[in-house]
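Chemist: The following file, run-v9.cif, comprises mmCIF, C-alpha atoms:
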```
data_run
loop_
_atom_site.group_PDB
_atom_site.id
_atom_site.type_symbol
_atom_site.label_atom_id
_atom_site.label_comp_id
_atom_site.auth_asym_id
_atom_site.auth_seq_id
_atom_site.Cartn_x
_atom_site.Cartn_y
_atom_site.Cartn_z
ATOM 1 C CA MET A 84 -10.088 -1.090 -19.622
ATOM 2 C CA ASP A 85 -10.814 -4.789 -19.094
ATOM 3 C CA ILE A 86 -7.900 -7.023 -18.239
ATOM 4 C CA ALA A 87 -8.429 -10.704 -18.926
ATOM 5 C CA CYS A 88 -7.010 -13.007 -16.291
ATOM 6 C CA PRO A 89 -6.321 -16.445 -17.770
ATOM 7 C CA THR A 90 -8.817 -19.004 -16.537
ATOM 8 C CA GLY A 91 -7.733 -22.329 -15.137
ATOM 9 C CA ILE A 92 -4.682 -20.873 -13.396
ATOM 10 C CA ASN A 93 -4.881 -21.418 -9.664
ATOM 11 C CA GLY A 94 -3.028 -19.286 -7.176
ATOM 12 C CA PRO A 95 -3.475 -16.708 -4.426
ATOM 13 C CA THR A 96 -3.629 -12.980 -5.032
ATOM 14 C CA TYR A 97 -1.777 -10.064 -3.501
ATOM 15 C CA ILE A 98 -1.860 -6.290 -3.920
ATOM 16 C CA ARG A 99 1.250 -4.584 -5.205
ATOM 17 C CA TRP A 100 0.856 -1.183 -3.526
ATOM 18 C CA GLY A 101 2.442 1.706 -5.431
ATOM 19 C CA ARG A 102 2.694 -0.046 -8.822
ATOM 20 C CA THR A 103 0.456 -0.711 -11.835
ATOM 21 C CA ASP A 104 2.117 -3.975 -12.851
ATOM 22 C CA CYS A 105 2.988 -7.359 -11.345
ATOM 23 C CA ALA A 106 6.404 -8.842 -10.690
ATOM 24 C CA GLY A 107 7.863 -12.045 -12.107
ATOM 25 C CA ASP A 108 5.344 -14.578 -13.369
ATOM 26 C CA ALA A 109 2.407 -13.056 -11.478
ATOM 27 C CA VAL A 110 -0.614 -12.227 -13.635
ATOM 28 C CA LEU A 111 -2.351 -8.833 -13.494
ATOM 29 C CA VAL A 112 -5.993 -9.188 -12.404
ATOM 30 C CA TYR A 113 -6.645 -5.420 -12.417
ATOM 31 C CA LYS A 114 -4.970 -2.102 -11.685
ATOM 32 C CA GLY A 115 -6.377 0.846 -9.839
ATOM 33 C CA ALA A 116 -5.920 3.488 -7.166
ATOM 34 C CA VAL A 117 -5.146 3.043 -3.471
ATOM 35 C CA ALA A 118 -8.100 4.257 -1.403
ATOM 36 C CA GLY A 119 -8.859 4.430 2.295
ATOM 37 C CA LYS A 120 -10.165 6.611 5.083
ATOM 38 C CA HIS A 121 -9.564 10.352 5.457
ATOM 39 C CA TYR A 122 -6.603 10.944 7.731
ATOM 40 C CA SER A 123 -8.530 13.145 10.171
ATOM 41 C CA LEU A 124 -12.013 11.570 10.209
ATOM 42 C CA GLY A 125 -13.274 8.764 12.419
ATOM 43 C CA GLY A 126 -15.598 6.003 11.298
ATOM 44 C CA SER A 127 -15.558 4.255 7.899
ATOM 45 C CA GLY A 128 -13.197 1.353 7.288
ATOM 46 C CA ALA A 129 -9.622 1.149 8.519
ATOM 47 C CA ASN A 130 -8.194 -0.998 5.745
ATOM 48 C CA MET A 131 -6.756 0.179 2.439
ATOM 49 C CA LEU A 132 -8.378 -0.985 -0.805
ATOM 50 C CA CYS A 133 -7.231 -1.184 -4.395
ATOM 51 C CA LEU A 134 -10.183 0.422 -6.211
ATOM 52 C CA PRO A 135 -10.328 -0.646 -9.882
ATOM 53 C CA ASN A 136 -9.907 1.959 -12.611
ATOM 54 C CA ASP A 137 -13.203 0.843 -14.171
ATOM 55 C CA PRO A 138 -15.886 0.985 -11.419
ATOM 56 C CA GLU A 139 -19.431 -0.246 -11.999
ATOM 57 C CA TRP A 140 -22.474 1.290 -10.292
ATOM 58 C CA ASN A 141 -25.763 -0.162 -9.136
ATOM 59 C CA HIS A 142 -28.496 1.874 -7.369
ATOM 60 C CA TYR A 143 -27.154 5.155 -6.011
ATOM 61 C CA ALA A 144 -27.957 8.701 -4.925
ATOM 62 C CA ASP A 145 -25.446 11.299 -6.115
ATOM 63 C CA GLY A 146 -24.339 14.064 -3.788
ATOM 64 C CA GLY A 147 -23.243 14.094 -0.172
ATOM 65 C CA ASN A 148 -25.437 11.774 1.851
ATOM 66 C CA GLY A 149 -25.548 11.676 5.653
ATOM 67 C CA LEU A 150 -24.553 8.622 7.670
ATOM 68 C CA THR A 151 -22.471 6.961 4.993
ATOM 69 C CA GLY A 152 -18.922 5.703 4.998
ATOM 70 C CA LYS A 153 -16.497 7.710 2.901
ATOM 71 C CA ILE A 154 -13.429 6.574 0.971
ATOM 72 C CA TYR A 155 -10.640 8.764 -0.392
ATOM 73 C CA GLY A 156 -7.637 8.402 -2.648
ATOM 74 C CA VAL A 157 -4.388 7.876 -0.740
ATOM 75 C CA GLU A 158 -1.226 9.885 -1.306
ATOM 76 C CA MET A 159 2.303 9.137 -0.161
ATOM 77 C CA ASP A 160 4.070 11.797 1.874
ATOM 78 C CA VAL A 161 7.764 10.951 2.102
ATOM 79 C CA LEU A 162 9.752 14.050 2.896
ATOM 80 C CA ASN A 163 13.191 14.831 1.452
ATOM 81 C CA ASN A 164 14.996 13.849 4.663
ATOM 82 C CA HIS A 165 13.800 10.222 4.331
ATOM 83 C CA GLN A 166 16.000 8.020 2.171
ATOM 84 C CA ASP A 167 13.412 5.243 1.899
ATOM 85 C CA PHE A 168 12.458 5.558 -1.751
ATOM 86 C CA GLY A 169 15.672 7.230 -2.951
ATOM 87 C CA THR A 170 13.925 10.484 -3.915
ATOM 88 C CA SER A 171 11.122 12.558 -2.442
ATOM 89 C CA LYS A 172 7.665 11.043 -2.828
ATOM 90 C CA LEU A 173 5.827 14.016 -1.352
ATOM 91 C CA ASN A 174 2.137 14.319 -2.322
ATOM 92 C CA LYS A 175 2.185 11.399 -4.784
ATOM 93 C CA ASP A 176 -1.156 9.627 -5.328
ATOM 94 C CA LEU A 177 -0.654 5.868 -5.068
ATOM 95 C CA PRO A 178 -1.644 3.360 -7.764
ATOM 96 C CA CYS A 179 -2.015 -0.371 -7.125
ATOM 97 C CA ALA A 180 -2.161 -3.687 -8.949
ATOM 98 C CA VAL A 181 -3.966 -6.870 -7.916
ATOM 99 C CA CYS A 182 -1.783 -9.802 -8.923
ATOM 100 C CA LYS A 183 -2.396 -13.557 -9.097
ATOM 101 C CA THR A 184 0.495 -15.968 -8.510
ATOM 102 C CA PRO A 185 0.012 -19.020 -10.746
ATOM 103 C CA GLY A 186 1.010 -22.352 -9.267
ATOM 104 C CA LYS A 187 1.479 -20.950 -5.749
ATOM 105 C CA SER A 188 -0.676 -21.660 -2.702
ATOM 106 C CA SER A 189 0.260 -18.884 -0.244
ATOM 107 C CA VAL A 190 1.217 -15.214 -0.232
ATOM 108 C CA LEU A 191 2.669 -13.507 2.830
ATOM 109 C CA MET A 192 3.796 -9.945 3.654
ATOM 110 C CA ILE A 193 6.709 -9.933 6.091
ATOM 111 C CA PRO A 194 7.397 -6.604 7.840
ATOM 112 C CA GLY A 195 10.996 -5.787 8.733
ATOM 113 C CA LYS A 196 12.483 -7.956 5.963
ATOM 114 C CA LYS A 197 13.558 -7.329 2.358
ATOM 115 C CA THR A 198 14.263 -10.964 1.499
ATOM 116 C CA CYS A 199 12.086 -14.047 1.882
ATOM 117 C CA TYR A 200 12.756 -16.985 4.171
ATOM 118 C CA GLY A 201 13.895 -20.299 2.663
ATOM 119 C CA GLY A 202 11.388 -21.974 0.364
ATOM 120 C CA TRP A 203 9.557 -18.726 -0.415
ATOM 121 C CA SER A 204 9.819 -16.609 -3.595
ATOM 122 C CA LYS A 205 10.029 -12.813 -3.545
ATOM 123 C CA GLU A 206 7.207 -11.003 -5.370
ATOM 124 C CA PHE A 207 8.383 -7.491 -4.421
ATOM 125 C CA SER A 208 9.949 -5.567 -1.536
ATOM 126 C CA GLY A 209 9.567 -2.048 -0.241
ATOM 127 C CA TYR A 210 8.729 -0.063 2.861
ATOM 128 C CA LEU A 211 6.031 -0.444 5.477
ATOM 129 C CA VAL A 212 3.685 2.571 5.480
ATOM 130 C CA ALA A 213 0.633 3.694 7.479
ATOM 131 C CA GLN A 214 -0.982 6.845 8.842
ATOM 132 C CA ALA A 215 1.228 9.118 10.952
ATOM 133 C CA SER A 216 1.322 8.412 14.709
ATOM 134 C CA GLU A 217 -0.415 11.545 15.954
ATOM 135 C CA ALA A 218 -3.433 11.874 18.251
ATOM 136 C CA SER A 219 -5.443 13.752 15.610
ATOM 137 C CA ARG A 220 -4.948 11.053 12.967
ATOM 138 C CA SER A 221 -7.243 8.114 12.245
ATOM 139 C CA PRO A 222 -5.539 4.710 12.160
ATOM 140 C CA THR A 223 -5.003 2.737 8.956
ATOM 141 C CA GLU A 224 -3.666 -0.709 8.276
ATOM 142 C CA TYR A 225 0.029 -1.235 7.586
ATOM 143 C CA ILE A 226 0.766 -1.883 3.907
ATOM 144 C CA CYS A 227 3.948 -2.702 1.993
ATOM 145 C CA VAL A 228 4.579 -0.118 -0.754
ATOM 146 C CA ASP A 229 6.928 -1.181 -3.555
ATOM 147 C CA GLU A 230 10.384 0.399 -3.260
ATOM 148 C CA ASN A 231 10.137 1.282 -6.972
ATOM 149 C CA MET A 232 6.879 3.134 -6.390
ATOM 150 C CA GLU A 233 5.060 4.833 -9.246
ATOM 151 C CA SER A 234 2.484 7.568 -8.808
ATOM 152 C CA VAL A 235 -0.829 8.216 -10.490
ATOM 153 C CA PRO A 236 -0.263 10.469 -13.527
ATOM 154 C CA GLY A 237 -1.251 14.018 -12.549
ATOM 155 C CA GLY A 238 -1.567 12.961 -8.900
ATOM 156 C CA ASP A 239 0.843 15.519 -7.408
ATOM 157 C CA ALA A 240 -1.600 17.787 -5.557
ATOM 158 C CA ASP A 241 -1.341 18.114 -1.795
ATOM 159 C CA ASP A 242 -4.954 16.969 -1.226
ATOM 160 C CA ASN A 243 -4.299 15.504 2.238
ATOM 161 C CA GLU A 244 -7.297 13.184 2.215
ATOM 162 C CA GLY A 245 -5.914 9.694 2.759
ATOM 163 C CA VAL A 246 -2.208 9.964 3.584
ATOM 164 C CA VAL A 247 0.436 7.357 4.444
ATOM 165 C CA TYR A 248 3.981 7.749 5.736
ATOM 166 C CA PRO A 249 6.925 5.413 6.305
ATOM 167 C CA VAL A 250 6.676 3.417 9.545
ATOM 168 C CA GLU A 251 9.631 3.492 11.907
ATOM 169 C CA ILE A 252 10.443 1.749 15.185
ATOM 170 C CA GLY A 253 8.822 3.883 17.897
ATOM 171 C CA SER A 254 10.822 2.767 20.922
ATOM 172 C CA CYS A 255 13.036 0.038 22.274
ATOM 173 C CA LYS A 256 11.032 -0.580 25.431
ATOM 174 C CA THR A 257 9.120 -3.714 24.413
ATOM 175 C CA LEU A 258 10.887 -4.378 21.077
ATOM 176 C CA SER A 259 14.429 -5.696 21.429
ATOM 177 C CA CYS A 260 17.084 -3.236 20.241
ATOM 178 C CA PRO A 261 19.145 -4.707 18.697
ATOM 179 C CA PRO A 262 18.092 -6.195 16.343
ATOM 180 C CA TYR A 263 15.635 -3.298 15.919
ATOM 181 C CA VAL A 264 16.794 0.342 15.920
ATOM 182 C CA GLU A 265 14.629 3.110 17.378
ATOM 183 C CA GLY A 266 13.647 5.664 14.711
ATOM 184 C CA ARG A 267 14.632 3.462 11.742
ATOM 185 C CA GLU A 268 12.120 2.913 8.909
ATOM 186 C CA LEU A 269 10.938 -0.659 8.396
ATOM 187 C CA THR A 270 11.311 -2.546 5.154
ATOM 188 C CA CYS A 271 8.859 -5.226 3.991
ATOM 189 C CA VAL A 272 8.680 -8.021 1.452
ATOM 190 C CA VAL A 273 5.815 -9.911 -0.183
ATOM 191 C CA CYS A 274 6.617 -13.605 -0.642
ATOM 192 C CA SER A 275 4.824 -16.517 -2.280
ATOM 193 C CA GLN A 276 5.126 -20.275 -2.018
#
```
Take the structure from the file and write it as structure tokens.
Modeler:
Amino acid sequence: MDIACPTGINGPTYIRWGRTDCAGDAVLVYKGAVAGKHYSLGGSGANMLCLPNDPEWNHYADGGNGLTGKIYGVEMDVLNNHQDFGTSKLNKDLPCAVCKTPGKSSVLMIPGKKTCYGGWSKEFSGYLVAQASEASRSPTEYICVDENMESVPGGDADDNEGVVYPVEIGSCKTLSCPPYVEGRELTCVVCSQ
């Protein structure tokens, strides 16, 4: 499905992780699926991508090829004991939306906040997520998943390819506690100006 983005409208873009729509006056550029590295494999990229729902191909060789990077769909694993998203989000495949903010010049994700600083407008807020902090896991980037997260229709299988979890404060040794609290999940907000 092609989505026409109005031409002549200037503004930065951001990714709304966990949703298929944009907030406020932001314009949808495209929607897709969150993709990244396999949780237990090294190599490939470390950043998350919003792969469009309508990929185009050039020259290719089907089948498993050696010495290539691999990318996988990403699922959210929020267990019942976490209150982050209000209800369990266990094994939910994540959608995404790329949004353009008309008339704005900057977009910023602020971890540990759910409101924007003065002079900035809130696009959306949610929770900071990344790969689990275990020796056997491959690192990912930190992303801000919308607190009103959707999931990909039919994406409820426990595939365990790319997986993200809420991020919490690990210790109070080098971070000041207070204001931070050891073991507490971090919020995040995406702001524009």
Chemist: Between A:Arg220, A:Lys153, A:Lys256, A:Arg102, which residue has the minimum interatomic distance to Gly126 of chain A, considering all atoms listed in the file?
Modeler: A:Lys153
Chemist: Assuming the chain letters and numbering stay as they are in my file, what does the PyMOL selection byres ((chain A and resi 175) around 12) actually select? List them as number ranges by chain.
Modeler: A: 101, 116-117, 156-162, 170-174, 176-178, 232-248
Chemist: Could you tell me which of A:Ser275, A:Ser123, A:Asn130, A:Thr270 comes closest to Lys197 of chain A if we count all atoms listed in the file?
Modeler: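 Once distances to Lys197 of chain A are computed over all atoms listed in the file, the minimum belongs to A:Thr270.
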Chemist: Could you write out as number ranges by chain the residues that the PyMOL selection byres ((chain A and resi 138) around 12) matches in the shown file?
Modeler: A: 84-85, 113-116, 133-137, 139-141
Chemist: Next, dump the selected residues to file, keeping only C-alpha atoms, as a PDB file, in the frame of the given file.
Modeler:
```
ATOM      1  CA  MET A  84     -10.088  -1.090 -19.622  1.00  0.00           C
ATOM      2  CA  ASP A  85     -10.814  -4.789 -19.094  1.00  0.00           C
ATOM      3  CA  TYR A 113      -6.645  -5.420 -12.417  1.00  0.00           C
ATOM      4  CA  LYS A 114      -4.970  -2.102 -11.685  1.00  0.00           C
ATOM      5  CA  GLY A 115      -6.377   0.846  -9.839  1.00  0.00           C
ATOM      6  CA  ALA A 116      -5.920   3.488  -7.166  1.00  0.00           C
ATOM      7  CA  CYS A 133      -7.231  -1.184  -4.395  1.00  0.00           C
ATOM      8  CA  LEU A 134     -10.183   0.422  -6.211  1.00  0.00           C
ATOM      9  CA  PRO A 135     -10.328  -0.646  -9.882  1.00  0.00           C
ATOM     10  CA  ASN A 136      -9.907   1.959 -12.611  1.00  0.00           C
ATOM     11  CA  ASP A 137     -13.203   0.843 -14.171  1.00  0.00           C
ATOM     12  CA  GLU A 139     -19.431  -0.246 -11.999  1.00  0.00           C
ATOM     13  CA  TRP A 140     -22.474   1.290 -10.292  1.00  0.00           C
ATOM     14  CA  ASN A 141     -25.763  -0.162  -9.136  1.00  0.00           C
TER      15      ASN A 141
END
```
Chemist: Name the residues that the PyMOL selection byres ((chain A and resi 184-193) around 10) pulls out of this structure, and write them as a short mmCIF file (atom, residue, chain, number, x, y, z; two decimals) with C-alpha atoms, in the frame of the given file.
Modeler:
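Output below, filename result_5.cif:
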```cif
data_model
loop_
_atom_site.label_atom_id
_atom_site.label_comp_id
_atom_site.auth_asym_id
_atom_site.auth_seq_id
_atom_site.Cartn_x
_atom_site.Cartn_y
_atom_site.Cartn_z
CA PRO A 89 -6.32 -16.44 -17.77
CA GLY A 91 -7.73 -22.33 -15.14
CA ILE A 92 -4.68 -20.87 -13.40
CA ASN A 93 -4.88 -21.42 -9.66
CA GLY A 94 -3.03 -19.29 -7.18
CA PRO A 95 -3.48 -16.71 -4.43
CA THR A 96 -3.63 -12.98 -5.03
CA TYR A 97 -1.78 -10.06 -3.50
CA CYS A 105 2.99 -7.36 -11.34
CA ALA A 106 6.40 -8.84 -10.69
CA GLY A 107 7.86 -12.04 -12.11
CA ASP A 108 5.34 -14.58 -13.37
CA ALA A 109 2.41 -13.06 -11.48
CA VAL A 110 -0.61 -12.23 -13.64
CA LEU A 111 -2.35 -8.83 -13.49
CA CYS A 182 -1.78 -9.80 -8.92
CA LYS A 183 -2.40 -13.56 -9.10
CA PRO A 194 7.40 -6.60 7.84
CA GLY A 195 11.00 -5.79 8.73
CA LYS A 196 12.48 -7.96 5.96
CA LYS A 197 13.56 -7.33 2.36
CA THR A 198 14.26 -10.96 1.50
CA CYS A 199 12.09 -14.05 1.88
CA TYR A 200 12.76 -16.98 4.17
CA TRP A 203 9.56 -18.73 -0.42
CA SER A 204 9.82 -16.61 -3.60
CA LYS A 205 10.03 -12.81 -3.54
CA GLU A 206 7.21 -11.00 -5.37
CA PHE A 207 8.38 -7.49 -4.42
CA SER A 208 9.95 -5.57 -1.54
CA LEU A 211 6.03 -0.44 5.48
CA ILE A 226 0.77 -1.88 3.91
CA CYS A 227 3.95 -2.70 1.99
CA THR A 270 11.31 -2.55 5.15
CA CYS A 271 8.86 -5.23 3.99
CA VAL A 272 8.68 -8.02 1.45
CA VAL A 273 5.82 -9.91 -0.18
CA CYS A 274 6.62 -13.60 -0.64
CA SER A 275 4.82 -16.52 -2.28
CA GLN A 276 5.13 -20.27 -2.02
#
```
Chemist: Looking at A:Leu124, A:Cys255, A:Val228, A:Ala144, which one is nearest to Arg99 of chain A, with distances taken over all atoms listed in the file?
Modeler: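 Result for the nearest residue to Arg99 of chain A: A:Val228.
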Chemist: Measure the distance from atom CA of Gly152 of chain A to atom CA of Tyr225 of chain A in Å and round it to one decimal.
Modeler: 20.3 Å
Chemist: How far is it from atom CA of Gly209 of chain A to atom CA of Asp229 of chain A, in Å with one decimal?
Modeler: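 Those two atoms sit 4.3 Å apart.
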Chemist: For a test of reading the model, state the distance in Å between atom CA of Tyr143 of chain A and atom CA of Cys179 of chain A, rounded to one decimal.
Modeler: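 Here the two named atoms are 25.8 Å from each other.
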